[in-house]
>>> print(open('my_file_4.txt').read())   # compact mmCIF, C-alpha atoms (C1' of nucleotides)
# COMPACT_ATOMS: atom_id res chain seq x y z
CA MET A 260 -11.48 -8.26 -18.77
CA LEU A 261 -7.76 -8.75 -18.30
CA ILE A 262 -5.48 -5.76 -18.88
CA HIS A 263 -2.48 -6.36 -21.14
CA ARG A 264 0.90 -4.94 -20.26
CA GLU A 265 1.06 -2.69 -23.34
CA GLU A 266 -2.03 -0.87 -22.02
CA PHE A 267 -0.17 0.31 -18.91
CA PRO A 268 1.08 3.91 -19.24
CA ASP A 269 4.88 4.22 -19.13
CA ASN A 270 4.87 7.17 -16.74
CA THR A 271 4.32 6.34 -13.06
CA VAL A 272 2.12 9.36 -12.29
CA THR A 273 0.01 8.65 -15.35
CA GLN A 274 -0.30 5.04 -14.26
CA ALA A 275 -1.38 6.06 -10.74
CA LYS A 276 -4.29 8.08 -12.20
CA TRP A 277 -5.04 5.48 -14.88
CA LEU A 278 -5.39 2.71 -12.27
CA LEU A 279 -8.35 4.56 -10.69
CA GLY A 280 -11.51 2.74 -11.75
CA LYS A 281 -9.67 -0.46 -12.69
CA LEU A 282 -10.47 -3.74 -10.94
CA VAL A 283 -8.37 -5.89 -8.64
CA VAL A 284 -9.34 -9.54 -9.00
CA ARG A 285 -8.30 -11.99 -6.28
CA HIS A 286 -8.84 -15.71 -6.67
CA THR A 287 -8.24 -17.91 -3.63
CA ASP A 288 -9.29 -21.39 -2.56
CA ALA A 289 -11.93 -19.71 -0.40
CA GLY A 290 -13.45 -17.85 -3.32
CA LEU A 291 -13.33 -14.84 -5.63
CA MET A 292 -13.07 -11.20 -4.63
CA ILE A 293 -13.20 -8.10 -6.82
CA GLY A 294 -12.63 -4.45 -5.87
CA ARG A 295 -12.48 -1.22 -7.83
CA ILE A 296 -9.43 1.01 -7.25
CA VAL A 297 -10.43 4.42 -5.86
CA GLU A 298 -7.16 5.70 -4.32
CA THR A 299 -3.49 5.41 -5.34
CA GLU A 300 -0.09 6.95 -4.66
CA ALA A 301 2.84 7.26 -7.08
CA TYR A 302 6.40 6.49 -5.94
CA LEU A 303 9.01 7.63 -8.43
CA HIS A 304 12.48 6.21 -9.13
CA ASP A 305 14.26 9.39 -7.93
CA ASP A 306 11.85 9.91 -5.04
CA GLU A 307 13.32 10.01 -1.53
CA ALA A 308 10.06 8.57 -0.17
CA ALA A 309 10.25 5.51 -2.44
CA HIS A 310 11.67 2.24 -1.13
CA SER A 311 13.77 2.04 -4.28
CA PHE A 312 15.57 5.35 -3.63
CA ARG A 313 18.74 3.73 -2.29
CA GLY A 314 18.86 0.95 -4.85
CA MET A 315 17.68 -2.63 -5.09
CA THR A 316 17.50 -4.74 -1.91
CA PRO A 317 15.92 -8.14 -1.17
CA ARG A 318 12.76 -6.40 0.05
CA ASN A 319 12.16 -3.99 -2.81
CA ARG A 320 13.34 -5.98 -5.82
CA SER A 321 9.80 -6.38 -7.18
CA LEU A 322 9.59 -2.60 -7.60
CA PHE A 323 12.25 -2.94 -10.28
CA LEU A 324 10.18 -5.37 -12.37
CA GLU A 325 8.55 -4.20 -15.59
CA LYS A 326 5.21 -2.39 -15.16
CA GLY A 327 2.30 -4.56 -14.09
CA HIS A 328 3.88 -6.75 -11.39
CA ALA A 329 3.01 -6.95 -7.69
CA TYR A 330 5.28 -5.45 -5.02
CA VAL A 331 4.13 -6.51 -1.54
CA TYR A 332 5.75 -5.38 1.71
CA ILE A 333 4.95 -5.16 5.39
CA ALA A 334 4.50 -1.73 6.96
CA TYR A 335 5.06 -1.22 10.70
CA GLY A 336 5.52 -4.95 11.10
CA VAL A 337 1.78 -5.52 10.83
CA SER A 338 0.10 -4.29 7.63
CA MET A 339 0.60 -5.68 4.14
CA MET A 340 0.83 -3.13 1.32
CA LEU A 341 0.07 -3.90 -2.32
CA ASN A 342 1.83 -1.95 -5.07
CA VAL A 343 1.82 -2.22 -8.86
CA SER A 344 5.28 -1.82 -10.38
CA ALA A 345 5.61 0.82 -13.07
CA GLY A 346 8.03 1.76 -15.82
CA LYS A 347 10.66 -0.38 -17.51
CA ALA A 348 12.46 -3.38 -16.02
CA GLY A 349 15.33 -2.19 -13.84
CA VAL A 350 13.66 1.08 -12.85
CA GLY A 351 12.46 1.14 -9.23
CA THR A 352 9.06 2.82 -9.36
CA GLY A 353 5.48 1.85 -8.62
CA VAL A 354 2.00 2.72 -7.47
CA LEU A 355 0.61 1.96 -3.99
CA LEU A 356 -3.04 0.88 -3.92
CA ARG A 357 -4.59 2.68 -0.95
CA ALA A 358 -8.29 1.93 -1.23
CA LEU A 359 -10.81 -0.23 -3.10
CA ASP A 360 -14.54 -0.04 -3.59
CA PRO A 361 -15.80 -3.60 -2.91
CA VAL A 362 -17.52 -5.10 -5.96
CA SER A 363 -17.80 -8.81 -5.33
CA GLY A 364 -16.98 -11.36 -2.64
CA ILE A 365 -17.84 -9.03 0.22
CA GLU A 366 -18.66 -11.87 2.61
CA LEU A 367 -15.18 -13.30 2.12
CA MET A 368 -13.63 -9.86 2.70
CA GLU A 369 -15.59 -9.60 5.96
CA LYS A 370 -14.28 -12.99 6.99
CA ASN A 371 -10.68 -12.04 6.16
CA ARG A 372 -10.97 -8.73 8.04
CA GLY A 373 -12.87 -10.13 10.99
CA ILE A 374 -15.39 -7.29 10.82
CA ALA A 375 -18.65 -6.66 8.97
CA LYS A 376 -18.60 -2.87 8.61
CA LEU A 377 -18.60 -2.38 4.84
CA ARG A 378 -16.81 0.97 4.77
CA ASP A 379 -13.91 -0.35 6.86
CA LEU A 380 -13.27 -3.44 4.72
CA THR A 381 -11.02 -1.89 2.08
CA ARG A 382 -10.54 1.78 3.11
CA GLY A 383 -6.77 2.01 3.62
CA PRO A 384 -3.81 0.11 2.16
CA GLY A 385 -3.41 -2.35 5.03
CA ARG A 386 -7.12 -3.01 5.22
CA LEU A 387 -7.58 -3.76 1.55
CA ALA A 388 -4.61 -6.12 1.63
CA GLN A 389 -6.05 -7.97 4.61
CA ALA A 390 -9.52 -8.14 3.01
CA PHE A 391 -8.01 -9.58 -0.18
CA ALA A 392 -5.70 -11.99 1.69
CA ILE A 393 -2.63 -10.37 0.14
CA ASP A 394 0.64 -11.72 1.54
CA LEU A 395 4.29 -12.12 0.59
CA SER A 396 3.52 -15.28 -1.38
CA LEU A 397 2.19 -12.95 -4.10
CA GLN A 398 5.51 -11.09 -4.29
CA GLY A 399 6.51 -10.28 -7.86
CA LEU A 400 3.39 -11.82 -9.37
CA ASP A 401 2.55 -10.80 -12.94
CA LEU A 402 -0.75 -8.90 -12.68
CA CYS A 403 -1.29 -9.21 -16.44
CA ARG A 404 -2.03 -12.94 -16.21
CA LYS A 405 -5.04 -14.64 -14.72
CA GLY A 406 -4.06 -16.46 -11.55
CA GLU A 407 -4.25 -15.71 -7.84
CA LEU A 408 -4.25 -11.96 -8.43
CA TRP A 409 -4.65 -9.81 -11.52
CA LEU A 410 -5.93 -6.49 -12.85
CA ALA A 411 -9.02 -6.03 -15.01
CA LYS A 412 -11.03 -3.30 -16.71
CA ASP A 413 -14.70 -2.92 -17.56
CA GLY A 414 -16.94 -0.24 -19.01
CA HIS A 415 -17.02 1.76 -15.79
CA LYS A 416 -16.77 5.55 -16.05
CA VAL A 417 -14.45 7.11 -13.47
CA GLY A 418 -15.70 10.20 -11.64
CA LYS A 419 -13.73 13.35 -10.95
CA ILE A 420 -10.17 12.73 -9.78
CA GLY A 421 -8.58 14.64 -6.90
CA ALA A 422 -4.90 14.99 -5.97
CA SER A 423 -3.12 15.59 -2.68
CA LYS A 424 0.11 15.04 -0.81
CA ARG A 425 0.89 11.43 0.02
CA ILE A 426 -0.17 10.11 3.40
CA GLY A 427 2.09 8.95 6.22
CA ILE A 428 5.49 9.88 4.78
CA THR A 429 8.03 12.45 6.00
CA LYS A 430 10.62 12.48 3.21
CA ASN A 431 9.71 14.33 -0.01
CA ALA A 432 6.21 14.84 1.36
CA ASP A 433 5.18 17.91 -0.65
CA PRO A 434 4.52 16.70 -4.23
CA LEU A 435 0.87 15.95 -5.06
CA LEU A 436 1.33 12.27 -5.85
CA ARG A 437 -1.79 10.84 -4.21
CA PHE A 438 -4.84 10.45 -6.45
CA PHE A 439 -8.39 9.52 -5.56
CA VAL A 440 -11.92 9.36 -6.93
CA LYS A 441 -13.80 12.32 -5.48
CA ASP A 442 -16.83 11.68 -3.28
CA ASN A 443 -16.16 7.96 -3.00
CA PRO A 444 -16.78 6.77 0.58
CA PHE A 445 -14.00 4.17 0.43
CA VAL A 446 -11.25 6.73 -0.04
CA SER A 447 -9.07 6.99 3.08
CA GLY A 448 -8.09 10.34 4.55
CA PRO A 449 -8.51 13.83 3.06
CA GLY A 450 -10.65 14.11 -0.05
CA ALA A 451 -12.94 11.23 0.80
CA LEU A 452 -15.90 13.58 0.72
CA ASN A 453 -16.33 17.11 -0.64
CA ARG A 454 -13.29 19.11 0.27
C1' DA B 148 25.26 -8.47 16.24
C1' DG B 149 22.89 -4.30 17.54
C1' DT B 150 20.07 -0.35 16.47
C1' DG B 151 16.45 2.71 14.70
C1' DC B 152 12.76 3.40 11.88
C1' DG B 153 8.58 3.40 9.30
C1' DA B 154 4.03 4.20 2.31
C1' DT B 155 -0.71 1.87 9.38
C1' DT B 156 -4.22 0.55 12.20
C1' DG B 157 -7.22 0.29 16.06
C1' DA B 158 -8.12 1.56 20.65
C1' DC B 159 -8.87 5.18 23.59
C1' DT B 160 -9.78 10.40 25.77
C1' DG C 93 -8.71 14.37 18.20
C1' DT C 94 -4.18 11.52 20.32
C1' DC C 95 -1.08 7.57 20.72
C1' DA C 96 1.18 3.02 21.24
C1' DA C 97 1.82 -1.69 19.28
C1' DT C 98 4.92 -4.25 16.46
C1' DC C 99 8.68 -6.48 13.57
C1' DG C 100 11.12 -6.92 9.14
C1' DC C 101 14.67 -4.69 7.11
C1' DA C 102 18.46 -1.57 6.02
C1' DC C 103 22.42 0.39 8.01
C1' DT C 104 26.45 0.74 11.03
C1' DA C 105 30.44 -1.44 13.14
>>> encode(input="my_file_4.txt", output="structure tokens")
Amino acid sequence: MLIHREEFPDNTVTQAKWLLGKLVVRHTDAGLMIGRIVETEAYLHDDEAAHSFRGMTPRNRSLFLEKGHAYVYIAYGVSMMLNVSAGKAGVGTGVLLRALDPVSGIELMEKNRGIAKLRDLTRGPGRLAQAFAIDLSLQGLDLCRKGELWLAKDGHKVGKIGASKRIGITKNADPLLRFFVKDNPFVSGPGALNR
DNA sequence: AGTGCGATTGACT
DNA sequence: GTCAATCGCACTA
């Protein structure tokens, strides 16, 4: 069921952990896809690694929206990244979704990715965005309303949560701001299996 | 107007 | 394990 905005934690780190186990629902003309979040990273408002660190720009403005909106950007000119904004309106902070456990619509994800290997469909931020047909047209979308893309919860129990340094960044790389569900095969990078 | 740099991925040794 | 492709965007002048 749909998640209301008041249910989102106010703190970005808390939200990054809280999003684990929640569902991403994507509705397109081609069909419905659902995935369970198993890996996230927190980007704080005073965080040198965050796109918002040097203030609002045309690219990062969605990060400054109230918690529960989509911030989409292109990494390395090729991969789409999906973030969930956090905190109050005007504060540039959010959570990057790094991996999903496919729940429904797997055939459509395979079509979008151009491959059929289940574990590679949504393991990694660029891959999950491609599988779910995430693009800049979803920029700033309210994820607390049913539409093309929204967030949902169910009765699922989340397993043990691990933490690590964030992946692929050089600035402010030390804090443990990456969170993942332990022993889930769809987690990218360190911690995917017993470690 | 020009430059440098990534919150990655996929191909290859 | 290593490494290059690739391009939008922020920054400098």
>>> interface_residues(input="my_file_4.txt", of="chain C", to="chain A", cutoff="8 Å", atoms="only C-alpha atoms (C1' of nucleotides)", output="number ranges by chain")
C: 98-101
>>> interface_residues(input="my_file_4.txt", of="chain A", to="chain B", cutoff="12 Å", atoms="all atoms listed in the file", output="JSON, numbers by chain")
{"A": [299, 300, 301, 302, 307, 308, 309, 310, 311, 331, 332, 333, 334, 335, 336, 337, 338, 339, 340, 341, 342, 353, 354, 355, 356, 357, 379, 382, 383, 384, 385, 386, 387, 388, 389, 424, 425, 426, 427, 428, 429, 430, 431, 432, 436, 437, 447]}
>>> residues_around(input="my_file_4.txt", residues="segment 265-280 of chain A", least_positions_apart="3", cutoff="8 Å", atoms="all atoms listed in the file", output="list in words")
Ile262, Arg295, Ile296, Val297, Glu298, Thr299, Glu300, Ala301, Tyr302, Leu303, Lys326, Gly327, Ala345, Gly346, Lys347, Thr352, Gly353, Val354, Lys412, His415, Lys416, Val417, Ile420, Leu436, Phe438, Phe439 and Val440 of chain A
>>> residues_around(input="my_file_4.txt", residues="Thr381 of chain A", least_positions_apart="4", cutoff="7 Å", atoms="only C-alpha atoms (C1' of nucleotides)", output="PyMOL selection string")
chain A and resi 358-360+386-387+390+445
>>> axis_aligned_box(input="my_file_4.txt", around="segment 151-155 of chain B", padding_each_side="6 Å", output="lines of an AutoDock Vina configuration file")
center_x = 7.9
center_y = 3.0
center_z = 8.5
size_x = 29.2
size_y = 14.3
size_z = 24.4
>>> atom_distance(input="my_file_4.txt", atom1="atom CA of Val350 of chain A", atom2="atom CA of Ser321 of chain A")
10.1 Å
>>> atom_distance(input="my_file_4.txt", atom1="atom CA of Val283 of chain A", atom2="atom CA of Asp394 of chain A")
14.8 Å
>>> atom_distance(input="my_file_4.txt", atom1="atom CA of Gly349 of chain A", atom2="atom CA of Leu410 of chain A")
21.7 Å
>>> closest_residue(input="my_file_4.txt", among="A:Lys281, A:Ala329, A:Leu322, A:Pro449", to="Gly414 of chain A", atoms="all atoms listed in the file")
A:Lys281
>>> build_atoms(input="my_file_4.txt", residues="segment 417-428 of chain A", atoms="all heavy atoms", output="CSV table (one decimal), in the frame of the given file")
chain,number,residue,atom,x,y,z
A,417,VAL,N,-15.0,6.6,-14.7
A,417,VAL,CA,-14.4,7.1,-13.5
A,417,VAL,C,-15.0,8.5,-13.2
A,417,VAL,O,-15.1,9.3,-14.2
A,417,VAL,CB,-12.9,7.1,-13.6
A,417,VAL,CG1,-12.3,7.6,-12.2
A,417,VAL,CG2,-12.4,5.8,-13.9
A,418,GLY,N,-15.3,8.9,-12.0
A,418,GLY,CA,-15.7,10.2,-11.6
A,418,GLY,C,-14.5,11.2,-11.6
A,418,GLY,O,-13.5,10.9,-12.1
A,419,LYS,N,-14.8,12.3,-11.0
A,419,LYS,CA,-13.7,13.4,-11.0
A,419,LYS,C,-12.6,12.9,-10.1
A,419,LYS,O,-12.8,12.2,-9.1
A,419,LYS,CB,-14.3,14.7,-10.4
A,419,LYS,CG,-15.2,15.4,-11.4
A,419,LYS,CD,-15.6,16.7,-10.8
A,419,LYS,CE,-16.5,17.5,-11.8
A,419,LYS,NZ,-17.0,18.8,-11.3
A,420,ILE,N,-11.4,13.2,-10.5
A,420,ILE,CA,-10.2,12.7,-9.8
A,420,ILE,C,-9.6,13.9,-9.0
A,420,ILE,O,-9.4,15.0,-9.5
A,420,ILE,CB,-9.1,12.2,-10.8
A,420,ILE,CG1,-9.7,10.9,-11.4
A,420,ILE,CG2,-7.8,11.9,-10.1
A,420,ILE,CD1,-8.8,10.3,-12.5
A,421,GLY,N,-9.2,13.6,-7.7
A,421,GLY,CA,-8.6,14.6,-6.9
A,421,GLY,C,-7.1,14.3,-6.7
A,421,GLY,O,-6.7,13.1,-6.9
A,422,ALA,N,-6.3,15.2,-6.3
A,422,ALA,CA,-4.9,15.0,-6.0
A,422,ALA,C,-4.5,15.6,-4.6
A,422,ALA,O,-5.1,16.6,-4.2
A,422,ALA,CB,-4.0,15.6,-7.1
A,423,SER,N,-3.6,15.0,-3.9
A,423,SER,CA,-3.1,15.6,-2.7
A,423,SER,C,-1.7,15.1,-2.4
A,423,SER,O,-1.1,14.3,-3.2
A,423,SER,CB,-4.0,15.1,-1.5
A,423,SER,OG,-3.7,13.8,-1.1
A,424,LYS,N,-1.2,15.6,-1.3
A,424,LYS,CA,0.1,15.0,-0.8
A,424,LYS,C,-0.1,13.6,-0.4
A,424,LYS,O,-1.2,13.2,0.0
A,424,LYS,CB,0.6,15.9,0.4
A,424,LYS,CG,0.9,17.3,0.1
A,424,LYS,CD,1.4,18.0,1.3
A,424,LYS,CE,1.7,19.5,1.0
A,424,LYS,NZ,2.3,20.2,2.1
A,425,ARG,N,1.0,12.8,-0.4
A,425,ARG,CA,0.9,11.4,0.0
A,425,ARG,C,0.8,11.3,1.5
A,425,ARG,O,1.2,12.2,2.3
A,425,ARG,CB,2.1,10.7,-0.5
A,425,ARG,CG,2.1,10.5,-2.0
A,425,ARG,CD,3.4,9.9,-2.5
A,425,ARG,NE,4.5,10.8,-2.3
A,425,ARG,CZ,5.8,10.6,-2.8
A,425,ARG,NH1,6.0,9.4,-3.4
A,425,ARG,NH2,6.7,11.4,-2.6
A,426,ILE,N,0.1,10.3,2.0
A,426,ILE,CA,-0.2,10.1,3.4
A,426,ILE,C,0.9,9.3,4.1
A,426,ILE,O,1.4,8.3,3.6
A,426,ILE,CB,-1.6,9.4,3.6
A,426,ILE,CG1,-2.6,10.3,3.0
A,426,ILE,CG2,-1.8,9.1,5.0
A,426,ILE,CD1,-4.0,9.8,3.0
A,427,GLY,N,1.3,9.8,5.3
A,427,GLY,CA,2.1,9.0,6.2
A,427,GLY,C,3.6,9.0,5.9
A,427,GLY,O,4.3,8.2,6.5
A,428,ILE,N,4.1,9.8,5.1
A,428,ILE,CA,5.5,9.9,4.8
A,428,ILE,C,6.1,11.2,5.3
A,428,ILE,O,5.3,12.2,5.5
A,428,ILE,CB,5.8,9.7,3.3
A,428,ILE,CG1,5.1,10.8,2.5
A,428,ILE,CG2,5.3,8.4,2.8
A,428,ILE,CD1,5.6,10.9,1.0
